[in-house]
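Heads up, target06.txt below (compact mmCIF, C-alpha atoms):
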```
# COMPACT_ATOMS: atom_id res chain seq x y z
CA MET I 1 -19.52 70.26 36.47
CA ALA I 2 -20.31 67.95 33.64
CA PHE I 3 -17.96 67.30 30.79
CA ALA I 4 -18.88 68.51 27.37
CA ALA I 5 -20.22 65.81 25.15
CA SER I 6 -17.36 64.95 22.84
CA GLY I 7 -18.83 61.81 21.34
CA ARG I 8 -15.97 59.71 22.74
CA SER I 9 -16.07 57.46 25.73
CA ARG I 10 -13.45 58.35 28.29
CA LYS I 11 -13.34 54.82 29.58
CA VAL I 12 -9.90 53.34 28.99
CA ARG I 13 -10.23 50.05 27.10
CA HIS I 14 -7.81 47.25 27.98
CA HIS I 15 -7.51 44.58 25.29
CA GLN I 16 -6.80 41.23 26.87
CA THR I 17 -4.53 39.21 24.58
CA ILE I 18 -3.38 35.65 25.01
CA ASP I 19 0.33 35.17 24.82
CA LEU I 20 0.72 32.73 21.95
CA LEU I 21 4.49 32.50 22.06
CA PRO I 22 4.62 29.36 24.28
CA VAL I 23 2.16 27.65 21.92
CA MET I 24 4.37 28.61 18.99
CA ASN I 25 7.39 27.20 20.77
CA LEU I 26 5.56 23.95 21.41
CA PHE I 27 4.49 23.73 17.78
CA CYS I 28 8.03 24.41 16.61
CA CYS I 29 9.19 21.38 18.63
CA ILE I 30 6.34 19.03 17.73
CA ILE I 31 6.12 19.70 13.99
CA PRO I 32 9.74 18.79 13.06
CA PHE I 33 9.44 15.63 15.19
CA LEU I 34 6.21 14.61 13.49
CA LEU I 35 7.59 15.45 10.07
CA LEU I 36 10.51 13.11 10.69
CA SER I 37 8.40 10.23 11.94
CA ALA I 38 5.49 10.61 9.52
CA SER I 39 5.07 7.83 6.99
CA PHE I 40 3.30 9.03 3.91
CA LEU I 41 3.60 5.66 2.16
CA GLN I 42 1.55 3.08 3.99
CA ILE I 43 2.56 -0.47 3.19
CA THR I 44 -0.04 -3.17 3.72
CA THR I 45 -0.27 -6.82 2.77
CA ILE I 46 -2.58 -9.20 0.94
CA SER I 47 -2.73 -12.71 2.37
CA MET I 48 -2.58 -15.36 -0.28
CA SER I 49 -3.95 -18.85 -0.09
CA GLN I 50 -1.60 -21.69 -0.83
CA THR I 51 -0.48 -21.66 -4.42
CA GLU I 52 -1.84 -24.43 -6.57
CA GLY I 53 1.08 -24.61 -8.88
CA ILE I 54 0.99 -24.81 -12.61
CA SER I 55 -1.76 -26.87 -14.10
CA GLN I 56 -1.30 -28.50 -17.41
CA GLY I 57 -4.17 -28.93 -19.80
CA ALA I 58 -7.79 -27.95 -19.63
CA GLY I 59 -8.33 -29.59 -16.26
CA ALA I 60 -6.71 -26.63 -14.52
CA MET I 61 -9.87 -25.63 -12.73
CA ALA I 62 -11.03 -29.07 -11.73
CA ASN I 63 -8.26 -29.91 -9.25
CA LEU I 64 -9.50 -27.45 -6.65
CA ALA I 65 -12.71 -29.28 -5.89
CA ARG I 66 -11.88 -30.52 -2.43
CA SER I 67 -14.82 -29.26 -0.45
CA GLU I 68 -18.14 -27.74 -1.33
CA GLU I 69 -16.74 -24.23 -1.01
CA ASP I 70 -13.74 -25.15 -3.08
CA ARG I 71 -15.99 -26.68 -5.68
CA LEU I 72 -18.20 -23.60 -5.86
CA GLN I 73 -15.52 -20.94 -5.60
CA PRO I 74 -15.30 -18.70 -8.65
CA LYS I 75 -12.19 -18.40 -10.78
CA ILE I 76 -11.11 -15.21 -12.44
CA ILE I 77 -9.44 -16.27 -15.66
CA ILE I 78 -7.06 -13.75 -17.17
CA THR I 79 -5.65 -14.26 -20.63
CA SER I 80 -3.82 -11.80 -22.84
CA GLN I 81 -7.00 -11.43 -24.93
CA GLU I 82 -9.88 -11.61 -22.48
CA MET I 83 -10.97 -11.91 -18.90
CA PHE I 84 -13.49 -14.52 -17.76
CA LEU I 85 -15.29 -15.47 -14.62
CA GLY I 86 -15.44 -19.20 -14.18
CA THR I 87 -18.13 -20.76 -12.03
CA THR I 88 -19.52 -24.25 -11.69
CA ALA I 89 -22.35 -23.14 -14.00
CA GLY I 90 -19.99 -22.12 -16.76
CA THR I 91 -17.76 -19.33 -17.91
CA ILE I 92 -18.84 -15.71 -18.16
CA HIS I 93 -17.02 -13.30 -20.42
CA ILE I 94 -16.08 -10.14 -18.52
CA CYS I 95 -14.10 -7.98 -20.91
CA TYR I 96 -11.50 -7.91 -23.63
CA SER I 97 -8.00 -6.73 -22.88
CA ILE I 98 -7.05 -3.16 -23.76
CA ARG I 99 -3.59 -2.37 -25.05
CA GLN I 100 -2.37 1.05 -24.10
CA GLN I 101 0.89 2.94 -24.35
CA GLU I 102 2.62 3.70 -21.07
CA ASN I 103 6.07 5.28 -21.04
CA GLY I 104 6.69 4.09 -24.58
CA GLU I 105 5.69 0.52 -23.78
CA THR I 106 2.54 -1.35 -24.69
CA VAL I 107 0.83 -2.61 -21.56
CA LEU I 108 -2.28 -4.69 -21.10
CA THR I 109 -5.17 -3.52 -19.03
CA TYR I 110 -8.75 -4.62 -18.49
CA ASP I 111 -12.13 -3.17 -17.68
CA PHE I 112 -12.11 -3.65 -13.92
CA ASP I 113 -15.53 -2.06 -13.50
CA SER I 114 -17.08 -4.88 -15.51
CA LEU I 115 -15.20 -7.35 -13.35
CA ARG I 116 -16.63 -5.73 -10.23
CA VAL I 117 -20.20 -5.82 -11.54
CA LYS I 118 -20.06 -9.45 -12.70
CA THR I 119 -18.27 -10.71 -9.59
CA GLU I 120 -20.82 -8.95 -7.41
CA GLU I 121 -23.61 -10.70 -9.29
CA VAL I 122 -21.95 -14.07 -8.83
CA TYR I 123 -21.31 -13.39 -5.14
CA LYS I 124 -24.95 -12.44 -4.63
CA ILE I 125 -26.21 -15.57 -6.38
CA LEU I 126 -23.82 -17.81 -4.43
CA THR I 127 -24.67 -16.35 -1.03
CA GLU I 128 -28.42 -16.50 -1.73
CA THR I 129 -28.29 -20.05 -3.03
CA TYR I 130 -25.90 -21.40 -0.38
CA PRO I 131 -26.47 -19.27 2.75
CA GLN I 132 -24.72 -21.86 4.93
CA ILE I 133 -21.38 -21.38 3.13
CA ASP I 134 -19.15 -18.38 3.78
CA PHE I 135 -17.76 -17.68 0.35
CA ARG I 136 -14.34 -16.09 0.69
CA LYS I 137 -12.10 -18.06 -1.62
CA VAL I 138 -11.37 -17.09 -5.18
CA THR I 139 -8.77 -18.36 -7.60
CA ILE I 140 -6.94 -16.12 -10.01
CA LEU I 141 -6.03 -18.24 -12.99
CA THR I 142 -3.71 -16.47 -15.38
CA GLU I 143 -1.43 -16.91 -18.31
CA PRO I 144 2.28 -16.86 -17.43
CA ARG I 145 2.99 -13.40 -18.87
CA ILE I 146 0.20 -11.46 -17.17
CA GLN I 147 1.70 -8.69 -15.08
CA TYR I 148 1.62 -8.65 -11.31
CA ASN I 149 -0.21 -5.32 -11.01
CA ILE I 150 -3.16 -6.72 -12.98
CA ILE I 151 -3.31 -9.67 -10.60
CA VAL I 152 -3.26 -7.32 -7.60
CA ASN I 153 -6.04 -5.21 -9.15
CA VAL I 154 -8.18 -8.30 -9.61
CA ILE I 155 -7.45 -9.50 -6.05
CA ASP I 156 -8.35 -6.04 -4.78
CA ILE I 157 -11.72 -6.00 -6.52
CA CYS I 158 -12.53 -9.52 -5.34
CA ALA I 159 -11.62 -8.56 -1.76
CA MET I 160 -13.93 -5.53 -1.88
CA ILE I 161 -16.82 -7.77 -2.91
CA GLY I 162 -16.15 -10.39 -0.25
CA PHE I 163 -13.75 -12.89 -1.80
CA ASP I 164 -10.82 -12.01 0.42
CA GLN I 165 -8.91 -15.30 0.27
CA PRO I 166 -7.29 -15.28 -3.15
CA GLY I 167 -5.19 -18.02 -4.60
CA LEU I 168 -2.97 -17.81 -7.63
CA GLN I 169 -2.73 -20.37 -10.36
CA VAL I 170 -0.75 -20.06 -13.57
CA ALA I 171 -1.48 -22.17 -16.60
CA PRO I 172 -0.11 -22.20 -20.14
CA PRO I 173 -2.28 -20.51 -22.81
CA GLU I 174 -3.41 -23.89 -24.20
CA ALA I 175 -5.12 -24.67 -20.91
CA PHE I 176 -7.58 -21.83 -21.38
CA LEU I 177 -9.08 -23.24 -24.53
CA GLY I 178 -11.31 -25.46 -22.39
CA ALA I 179 -12.47 -22.51 -20.35
CA PHE I 180 -13.71 -20.60 -23.41
CA THR I 181 -16.02 -23.42 -24.40
CA GLY I 182 -17.39 -23.88 -20.91
CA GLY I 183 -20.75 -22.35 -21.84
CA GLY I 184 -23.32 -20.97 -19.44
CA SER I 185 -23.92 -17.41 -18.45
CA MET Z 1 44.22 49.31 13.17
CA ALA Z 2 42.37 49.91 16.39
CA ALA Z 3 38.97 48.43 16.91
CA PRO Z 4 36.14 50.91 16.51
CA SER Z 5 34.85 52.31 19.76
CA LYS Z 6 31.32 51.64 20.82
CA ARG Z 7 30.39 55.26 20.26
CA ARG Z 8 31.29 55.12 16.56
CA LEU Z 9 29.14 52.05 15.86
CA PRO Z 10 25.82 53.07 14.36
CA LEU Z 11 22.86 52.00 16.42
CA LEU Z 12 20.69 50.52 13.78
CA LEU Z 13 17.83 49.04 15.73
CA GLY Z 14 15.25 51.46 17.02
CA TYR Z 15 17.38 54.45 16.17
CA LYS Z 16 14.91 56.11 13.92
CA LYS Z 17 11.53 55.69 15.41
CA SER Z 18 8.60 56.15 13.13
CA LYS Z 19 6.14 58.99 13.67
CA ALA Z 20 3.47 56.56 14.72
CA VAL Z 21 5.70 55.07 17.43
CA ARG Z 22 6.75 58.49 18.66
CA ARG Z 23 3.14 59.58 18.90
CA GLY Z 24 2.11 56.40 20.67
CA GLY Z 25 4.72 56.78 23.38
CA ASP Z 26 5.69 53.47 25.06
CA GLU Z 27 3.12 51.23 23.35
CA ARG Z 28 4.51 47.75 22.62
CA VAL Z 29 4.27 46.47 19.09
CA VAL Z 30 3.22 42.83 19.12
CA LEU Z 31 3.25 40.41 16.24
CA ASN Z 32 -0.12 38.86 15.52
CA LEU Z 33 0.53 35.14 15.67
CA THR Z 34 -3.05 33.95 15.38
CA SER Z 35 -2.93 33.17 11.66
CA MET Z 36 0.34 31.30 12.08
CA ILE Z 37 -1.11 29.30 14.96
CA ASP Z 38 -4.07 28.41 12.76
CA MET Z 39 -1.75 27.16 10.05
CA PHE Z 40 0.34 25.19 12.52
CA THR Z 41 -2.76 23.59 14.00
CA ILE Z 42 -3.85 22.34 10.58
CA LEU Z 43 -0.34 21.05 9.92
CA LEU Z 44 -0.23 19.37 13.31
CA VAL Z 45 -3.52 17.55 12.74
CA PHE Z 46 -2.35 16.35 9.33
CA LEU Z 47 0.97 15.13 10.68
CA LEU Z 48 -0.63 13.43 13.66
CA LYS Z 49 -2.90 11.58 11.24
CA SER Z 50 0.06 10.26 9.27
CA TYR Z 51 2.15 9.57 12.36
CA SER Z 52 3.26 6.01 12.80
CA ALA Z 53 4.51 4.92 16.21
CA GLU Z 54 5.75 1.61 14.81
CA GLY Z 55 8.09 3.15 12.28
CA ALA Z 56 8.92 1.47 8.98
CA LEU Z 57 8.65 -2.29 9.39
CA VAL Z 58 9.36 -2.97 5.76
CA THR Z 59 12.12 -1.41 3.73
CA VAL Z 60 11.21 -1.24 0.10
CA SER Z 61 14.09 -1.44 -2.33
CA GLU Z 62 14.55 1.42 -4.78
CA SER Z 63 14.49 -1.04 -7.66
CA LEU Z 64 10.96 -2.11 -6.76
CA ALA Z 65 7.67 -0.44 -7.56
CA LEU Z 66 5.03 -2.09 -5.41
CA PRO Z 67 1.48 -2.32 -6.72
CA HIS Z 68 -1.32 -0.29 -5.15
CA SER Z 69 -4.19 -1.85 -3.30
CA HIS Z 70 -7.06 -1.02 -0.95
CA SER Z 71 -5.94 -3.73 1.46
CA GLU Z 72 -5.87 -2.60 5.08
CA GLN Z 73 -4.01 -5.56 6.54
CA LYS Z 74 -1.05 -4.13 8.43
CA VAL Z 75 2.37 -5.32 7.46
CA GLN Z 76 4.26 -7.43 10.02
CA MET Z 77 7.99 -7.81 10.35
CA ARG Z 78 8.68 -11.14 8.65
CA LEU Z 79 11.13 -12.64 6.22
CA ASP Z 80 11.25 -10.48 3.09
CA VAL Z 81 11.52 -11.87 -0.41
CA SER Z 82 11.95 -9.16 -3.04
CA VAL Z 83 11.34 -9.99 -6.67
CA ASN Z 84 11.86 -7.83 -9.71
CA ASN Z 85 12.65 -8.56 -13.32
CA SER Z 86 16.38 -8.82 -12.70
CA ILE Z 87 16.96 -10.43 -9.29
CA ILE Z 88 15.38 -12.31 -6.40
CA VAL Z 89 16.55 -11.18 -2.98
CA VAL Z 90 15.90 -12.96 0.33
CA ASP Z 91 16.34 -10.93 3.49
CA GLY Z 92 18.69 -8.54 1.70
CA ASP Z 93 20.86 -11.25 0.13
CA PRO Z 94 20.73 -11.72 -3.64
CA VAL Z 95 19.81 -15.34 -4.35
CA ILE Z 96 19.29 -15.72 -8.06
CA MET Z 97 19.38 -13.56 -11.17
CA VAL Z 98 16.16 -13.59 -13.16
CA ASN Z 99 16.50 -14.88 -16.70
CA GLU Z 100 14.28 -16.36 -19.39
CA ASN Z 101 14.65 -19.86 -17.93
CA LEU Z 102 12.74 -18.77 -14.86
CA PHE Z 103 9.78 -17.82 -17.01
CA SER Z 104 9.46 -21.32 -18.39
CA THR Z 105 6.95 -23.68 -16.88
CA GLY Z 106 7.88 -25.36 -13.66
CA ASN Z 107 7.10 -24.96 -10.05
CA SER Z 108 9.57 -24.02 -7.34
CA ILE Z 109 12.97 -22.46 -7.97
CA PRO Z 110 15.48 -24.91 -6.39
CA VAL Z 111 18.08 -22.29 -5.39
CA LEU Z 112 15.45 -20.11 -3.75
CA THR Z 113 13.82 -23.07 -2.03
CA GLN Z 114 17.19 -24.12 -0.57
CA ARG Z 115 17.91 -20.61 0.67
CA LEU Z 116 14.50 -20.40 2.32
CA LYS Z 117 14.90 -23.85 3.86
CA ASP Z 118 18.24 -22.77 5.31
CA HIS Z 119 16.64 -19.69 6.79
CA LEU Z 120 13.83 -21.69 8.34
CA GLU Z 121 16.30 -24.21 9.76
CA TYR Z 122 18.37 -21.41 11.24
CA THR Z 123 15.24 -19.93 12.85
CA SER Z 124 14.29 -23.36 14.12
CA ARG Z 125 17.69 -23.86 15.77
CA LEU Z 126 17.52 -20.40 17.25
CA LYS Z 127 14.01 -20.62 18.64
CA GLY Z 128 13.41 -24.33 19.08
CA ILE Z 129 9.77 -24.41 18.10
CA LEU Z 130 8.49 -22.71 14.98
CA ASP Z 131 5.18 -20.92 15.19
CA GLU Z 132 2.93 -19.36 12.57
CA LYS Z 133 4.89 -16.10 12.53
CA ASP Z 134 8.11 -17.92 11.64
CA ARG Z 135 6.38 -19.57 8.71
CA THR Z 136 5.20 -16.29 7.24
CA VAL Z 137 6.92 -14.52 4.40
CA ASN Z 138 6.37 -11.07 2.90
CA ILE Z 139 6.77 -11.07 -0.87
CA GLN Z 140 7.64 -7.69 -2.35
CA GLY Z 141 7.04 -7.95 -6.05
CA ASP Z 142 7.64 -5.32 -8.68
CA VAL Z 143 4.51 -4.31 -10.63
CA ALA Z 144 6.07 -5.48 -13.89
CA ILE Z 145 6.93 -9.05 -12.94
CA PRO Z 146 5.04 -11.73 -14.83
CA ALA Z 147 2.60 -14.03 -13.06
CA ILE Z 148 4.79 -17.06 -13.67
CA LEU Z 149 7.66 -15.56 -11.68
CA LEU Z 150 5.40 -14.68 -8.77
CA GLN Z 151 3.85 -18.13 -8.85
CA ARG Z 152 7.27 -19.81 -8.83
CA VAL Z 153 8.43 -17.69 -5.90
CA MET Z 154 5.26 -18.57 -4.00
CA ALA Z 155 5.68 -22.23 -4.82
CA SER Z 156 9.30 -22.07 -3.56
CA CYS Z 157 8.10 -20.52 -0.30
CA SER Z 158 5.47 -23.23 0.14
CA GLU Z 159 7.99 -25.97 -0.56
CA ALA Z 160 10.47 -24.52 1.91
CA GLY Z 161 7.85 -24.46 4.66
CA TYR Z 162 6.64 -20.88 4.54
CA THR Z 163 2.96 -21.65 4.50
CA ILE Z 164 1.66 -18.10 4.93
CA GLN Z 165 2.54 -15.76 2.10
CA ASN Z 166 1.70 -12.09 2.13
CA LEU Z 167 2.06 -9.79 -0.84
CA ALA Z 168 3.34 -6.34 0.09
CA VAL Z 169 1.40 -3.50 -1.52
CA ILE Z 170 1.09 0.24 -1.13
CA GLN Z 171 -2.17 1.21 0.43
CA ILE Z 172 -4.41 3.62 -1.40
CA GLU Z 173 -7.34 5.47 0.08
CA SER Z 174 -10.81 4.26 -0.89
CA ASN Z 175 -11.68 7.35 -2.94
CA GLU Z 176 -8.41 7.44 -4.89
CA ARG Z 177 -9.29 4.97 -7.59
```
Let me see whether you can do it: turn the structure in this file into structure tokens.
Amino acid sequence: MAFAASGRSRKVRHHQTIDLLPVMNLFCCIIPFLLLSASFLQITTISMSQTEGISQGAGAMANLARSEEDRLQPKIIITSQEMFLGTTAGTIHICYSIRQQENGETVLTYDFDSLRVKTEEVYKILTETYPQIDFRKVTILTEPRIQYNIIVNVIDICAMIGFDQPGLQVAPPEAFLGAFTGGGS
Amino acid sequence: MAAPSKRRLPLLLGYKKSKAVRRGGDERVVLNLTSMIDMFTILLVFLLKSYSAEGALVTVSESLALPHSHSEQKVQMRLDVSVNNSIIVVDGDPVIMVNENLFSTGNSIPVLTQRLKDHLEYTSRLKGILDEKDRTVNIQGDVAIPAILLQRVMASCSEAGYTIQNLAVIQIESNER
């Protein structure tokens, strides 16, 4: 005798479930361990070339000419008023300094995008003109009171372009007068 | 007062079964852990990404705010020189207080140079031969220090014999700036 059609299947359905409790236990052990050993602040380093010391007078940029690469290496000149890019062909103006208020203090900043664009141009010209030289050196020539974070920003931009061997040189403000009249573009 | 007997203690758990449970008979109620597992998996991946097996090789002082950079060069355990606008510290020992005289023109700082020379000599006696690693120094500079102070510290390191100088920075991801 057939069953009356009830519209329901009489087949008993067994739902297979995975027991997730051991996975949860494992996670509860791993996550606190990883939380304790995680380092969210990654500290890295920037290798600096040998410092050139303080140069007196307008001849600050001339004492680096030891080899062809040294002679041709660009110099990023940072003063409290402006930023320049010094090459053997002359000095290129990059940007003027910007004074902005930060935590109640006036701090100097610069247009780092302009620096990137102009340094890229110089790098391209140098590598096309002298393909045999691997240009990696750059000198950061600053006034004594320029802050460290500005120097690191400049080094960072230079490294991204290809000048990853920075050197630091500090010169008194009078020494930069020669750089402004260097000419060229 | 006598302790209450077991019979008088109210049985709180499972005492009053809901209608649904009574109708269902002996069906087990299971907690759905899938969503929690999903969340834990995401958390696990994130933590594994930021996991460092080496641990902290450099301890940054609370009085220092390191600059940010895209540099990817891993920090090595070397001699630490910390510089901020009030003090210069070598390997945890305060060496010289920073004052206006240090911002005047001049190259190395004699006191710092002597301290670094002593350290190098000590390492030399301990190891015999000095290699490149022994002549490396990590400079931790505060973001607000002037260029002249950094330059003088670097000049002191060079004069003392530490020919390789690394500036410690906090790494930022490429798309952060």
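From atom CA of Leu150 of chain Z back to atom CA of Thr123 of chain Z, the distance works out to 24.3 Å.
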Checklist entry - Which residue, I:Ala89, I:Gly162, I:Glu121, I:Thr142, has the smallest gap to chain Z when you use all atoms listed in the file? => result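 When distances to chain Z are compared using all atoms listed in the file, the smallest one comes from I:Thr142.
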Checklist entry - Rounded to one decimal in Å, what is the spacing between atom CA of Ile42 of chain Z and atom CA of Gln42 of chain I? => result 21.1 Å
All residues 10 Å or closer to Val58 of chain Z, all atoms listed in the file, same chain fewer than 4 positions away omitted, as a PDB file with C-alpha atoms, in the coordinates of the input:
```pdb
ATOM      1  CA  ILE I  43       2.560  -0.470   3.190  1.00  0.00           C
ATOM      2  CA  THR I  44      -0.040  -3.170   3.720  1.00  0.00           C
TER       3      THR I  44
ATOM      4  CA  VAL Z  75       2.370  -5.320   7.460  1.00  0.00           C
ATOM      5  CA  GLN Z  76       4.260  -7.430  10.020  1.00  0.00           C
ATOM      6  CA  MET Z  77       7.990  -7.810  10.350  1.00  0.00           C
ATOM      7  CA  ARG Z  78       8.680 -11.140   8.650  1.00  0.00           C
ATOM      8  CA  LEU Z  79      11.130 -12.640   6.220  1.00  0.00           C
ATOM      9  CA  ASP Z  80      11.250 -10.480   3.090  1.00  0.00           C
ATOM     10  CA  ASN Z 138       6.370 -11.070   2.900  1.00  0.00           C
ATOM     11  CA  GLN Z 140       7.640  -7.690  -2.350  1.00  0.00           C
ATOM     12  CA  ALA Z 168       3.340  -6.340   0.090  1.00  0.00           C
TER      13      ALA Z 168
END
```
Checklist entry - Within 8 Å of Asn84 of chain Z, counting all atoms listed in the file, which residues qualify if same-chain residues fewer than 3 places away don't, as a list in words? => result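 In the requested format, the answer is Ser63, Leu64, Ile87, Ile88, Val98, Gly141, Asp142, Ala144 and Ile145 of chain Z.
The space between atom CA of Asp134 of chain I and atom CA of Lys118 of chain I spans 18.8 Å.
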Item to check | Non-local contacts of segment 26-41 of chain I (12 Å; only C-alpha atoms; under 6 positions in same chain excluded) as a PyMOL selection string | outcome: (chain I and resi 20) or (chain Z and resi 36-60+66+68+169-173)
Item to check | Nearby residues (all atoms listed in the file) at most 12 Å from Met154 of chain Z, same-chain spacing under 2 positions excluded, as number ranges by chain | outcome: I: 47-54, 167-170; Z: 81-83, 107-109, 112-113, 116, 136-141, 147-152, 156-167
Those residues with C-alpha atoms, as a PDB file, in the frame of the given file please?
```pdb
ATOM      1  CA  SER I  47      -2.730 -12.710   2.370  1.00  0.00           C
ATOM      2  CA  MET I  48      -2.580 -15.360  -0.280  1.00  0.00           C
ATOM      3  CA  SER I  49      -3.950 -18.850  -0.090  1.00  0.00           C
ATOM      4  CA  GLN I  50      -1.600 -21.690  -0.830  1.00  0.00           C
ATOM      5  CA  THR I  51      -0.480 -21.660  -4.420  1.00  0.00           C
ATOM      6  CA  GLU I  52      -1.840 -24.430  -6.570  1.00  0.00           C
ATOM      7  CA  GLY I  53       1.080 -24.610  -8.880  1.00  0.00           C
ATOM      8  CA  ILE I  54       0.990 -24.810 -12.610  1.00  0.00           C
ATOM      9  CA  GLY I 167      -5.190 -18.020  -4.600  1.00  0.00           C
ATOM     10  CA  LEU I 168      -2.970 -17.810  -7.630  1.00  0.00           C
ATOM     11  CA  GLN I 169      -2.730 -20.370 -10.360  1.00  0.00           C
ATOM     12  CA  VAL I 170      -0.750 -20.060 -13.570  1.00  0.00           C
TER      13      VAL I 170
ATOM     14  CA  VAL Z  81      11.520 -11.870  -0.410  1.00  0.00           C
ATOM     15  CA  SER Z  82      11.950  -9.160  -3.040  1.00  0.00           C
ATOM     16  CA  VAL Z  83      11.340  -9.990  -6.670  1.00  0.00           C
ATOM     17  CA  ASN Z 107       7.100 -24.960 -10.050  1.00  0.00           C
ATOM     18  CA  SER Z 108       9.570 -24.020  -7.340  1.00  0.00           C
ATOM     19  CA  ILE Z 109      12.970 -22.460  -7.970  1.00  0.00           C
ATOM     20  CA  LEU Z 112      15.450 -20.110  -3.750  1.00  0.00           C
ATOM     21  CA  THR Z 113      13.820 -23.070  -2.030  1.00  0.00           C
ATOM     22  CA  LEU Z 116      14.500 -20.400   2.320  1.00  0.00           C
ATOM     23  CA  THR Z 136       5.200 -16.290   7.240  1.00  0.00           C
ATOM     24  CA  VAL Z 137       6.920 -14.520   4.400  1.00  0.00           C
ATOM     25  CA  ASN Z 138       6.370 -11.070   2.900  1.00  0.00           C
ATOM     26  CA  ILE Z 139       6.770 -11.070  -0.870  1.00  0.00           C
ATOM     27  CA  GLN Z 140       7.640  -7.690  -2.350  1.00  0.00           C
ATOM     28  CA  GLY Z 141       7.040  -7.950  -6.050  1.00  0.00           C
ATOM     29  CA  ALA Z 147       2.600 -14.030 -13.060  1.00  0.00           C
ATOM     30  CA  ILE Z 148       4.790 -17.060 -13.670  1.00  0.00           C
ATOM     31  CA  LEU Z 149       7.660 -15.560 -11.680  1.00  0.00           C
ATOM     32  CA  LEU Z 150       5.400 -14.680  -8.770  1.00  0.00           C
ATOM     33  CA  GLN Z 151       3.850 -18.130  -8.850  1.00  0.00           C
ATOM     34  CA  ARG Z 152       7.270 -19.810  -8.830  1.00  0.00           C
ATOM     35  CA  SER Z 156       9.300 -22.070  -3.560  1.00  0.00           C
ATOM     36  CA  CYS Z 157       8.100 -20.520  -0.300  1.00  0.00           C
ATOM     37  CA  SER Z 158       5.470 -23.230   0.140  1.00  0.00           C
ATOM     38  CA  GLU Z 159       7.990 -25.970  -0.560  1.00  0.00           C
ATOM     39  CA  ALA Z 160      10.470 -24.520   1.910  1.00  0.00           C
ATOM     40  CA  GLY Z 161       7.850 -24.460   4.660  1.00  0.00           C
ATOM     41  CA  TYR Z 162       6.640 -20.880   4.540  1.00  0.00           C
ATOM     42  CA  THR Z 163       2.960 -21.650   4.500  1.00  0.00           C
ATOM     43  CA  ILE Z 164       1.660 -18.100   4.930  1.00  0.00           C
ATOM     44  CA  GLN Z 165       2.540 -15.760   2.100  1.00  0.00           C
ATOM     45  CA  ASN Z 166       1.700 -12.090   2.130  1.00  0.00           C
ATOM     46  CA  LEU Z 167       2.060  -9.790  -0.840  1.00  0.00           C
TER      47      LEU Z 167
END
```
Checklist entry - For chain Z, which residue among I:Met160, I:Val138, I:Glu102, I:Ala175 is the nearest when counting all atoms listed in the file? => result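 Checking each candidate against chain Z, we get I:Met160 as the closest.
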Next on the checklist: Under the rule that all atoms listed in the file are counted, which of Z:Ser104, Z:Ser61, Z:Gln73, Z:Asn99 is the nearest residue to Asn85 of chain Z?
Outcome noted: Z:Asn99
Next on the checklist: Ranking Z:Gly128, Z:Gly92, Z:Pro110, Z:Pro67 by minimum distance to chain I and counting only C-alpha atoms, which one comes first?
Outcome noted: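 Going through Z:Gly128, Z:Gly92, Z:Pro110, Z:Pro67 one by one, the smallest distance to chain I is for Z:Pro67.
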Item to check | Of the listed residues Z:Lys133, Z:Lys127, Z:His70, Z:His119, that which approaches chain I most closely, counting all atoms listed in the file | outcome: Z:His70
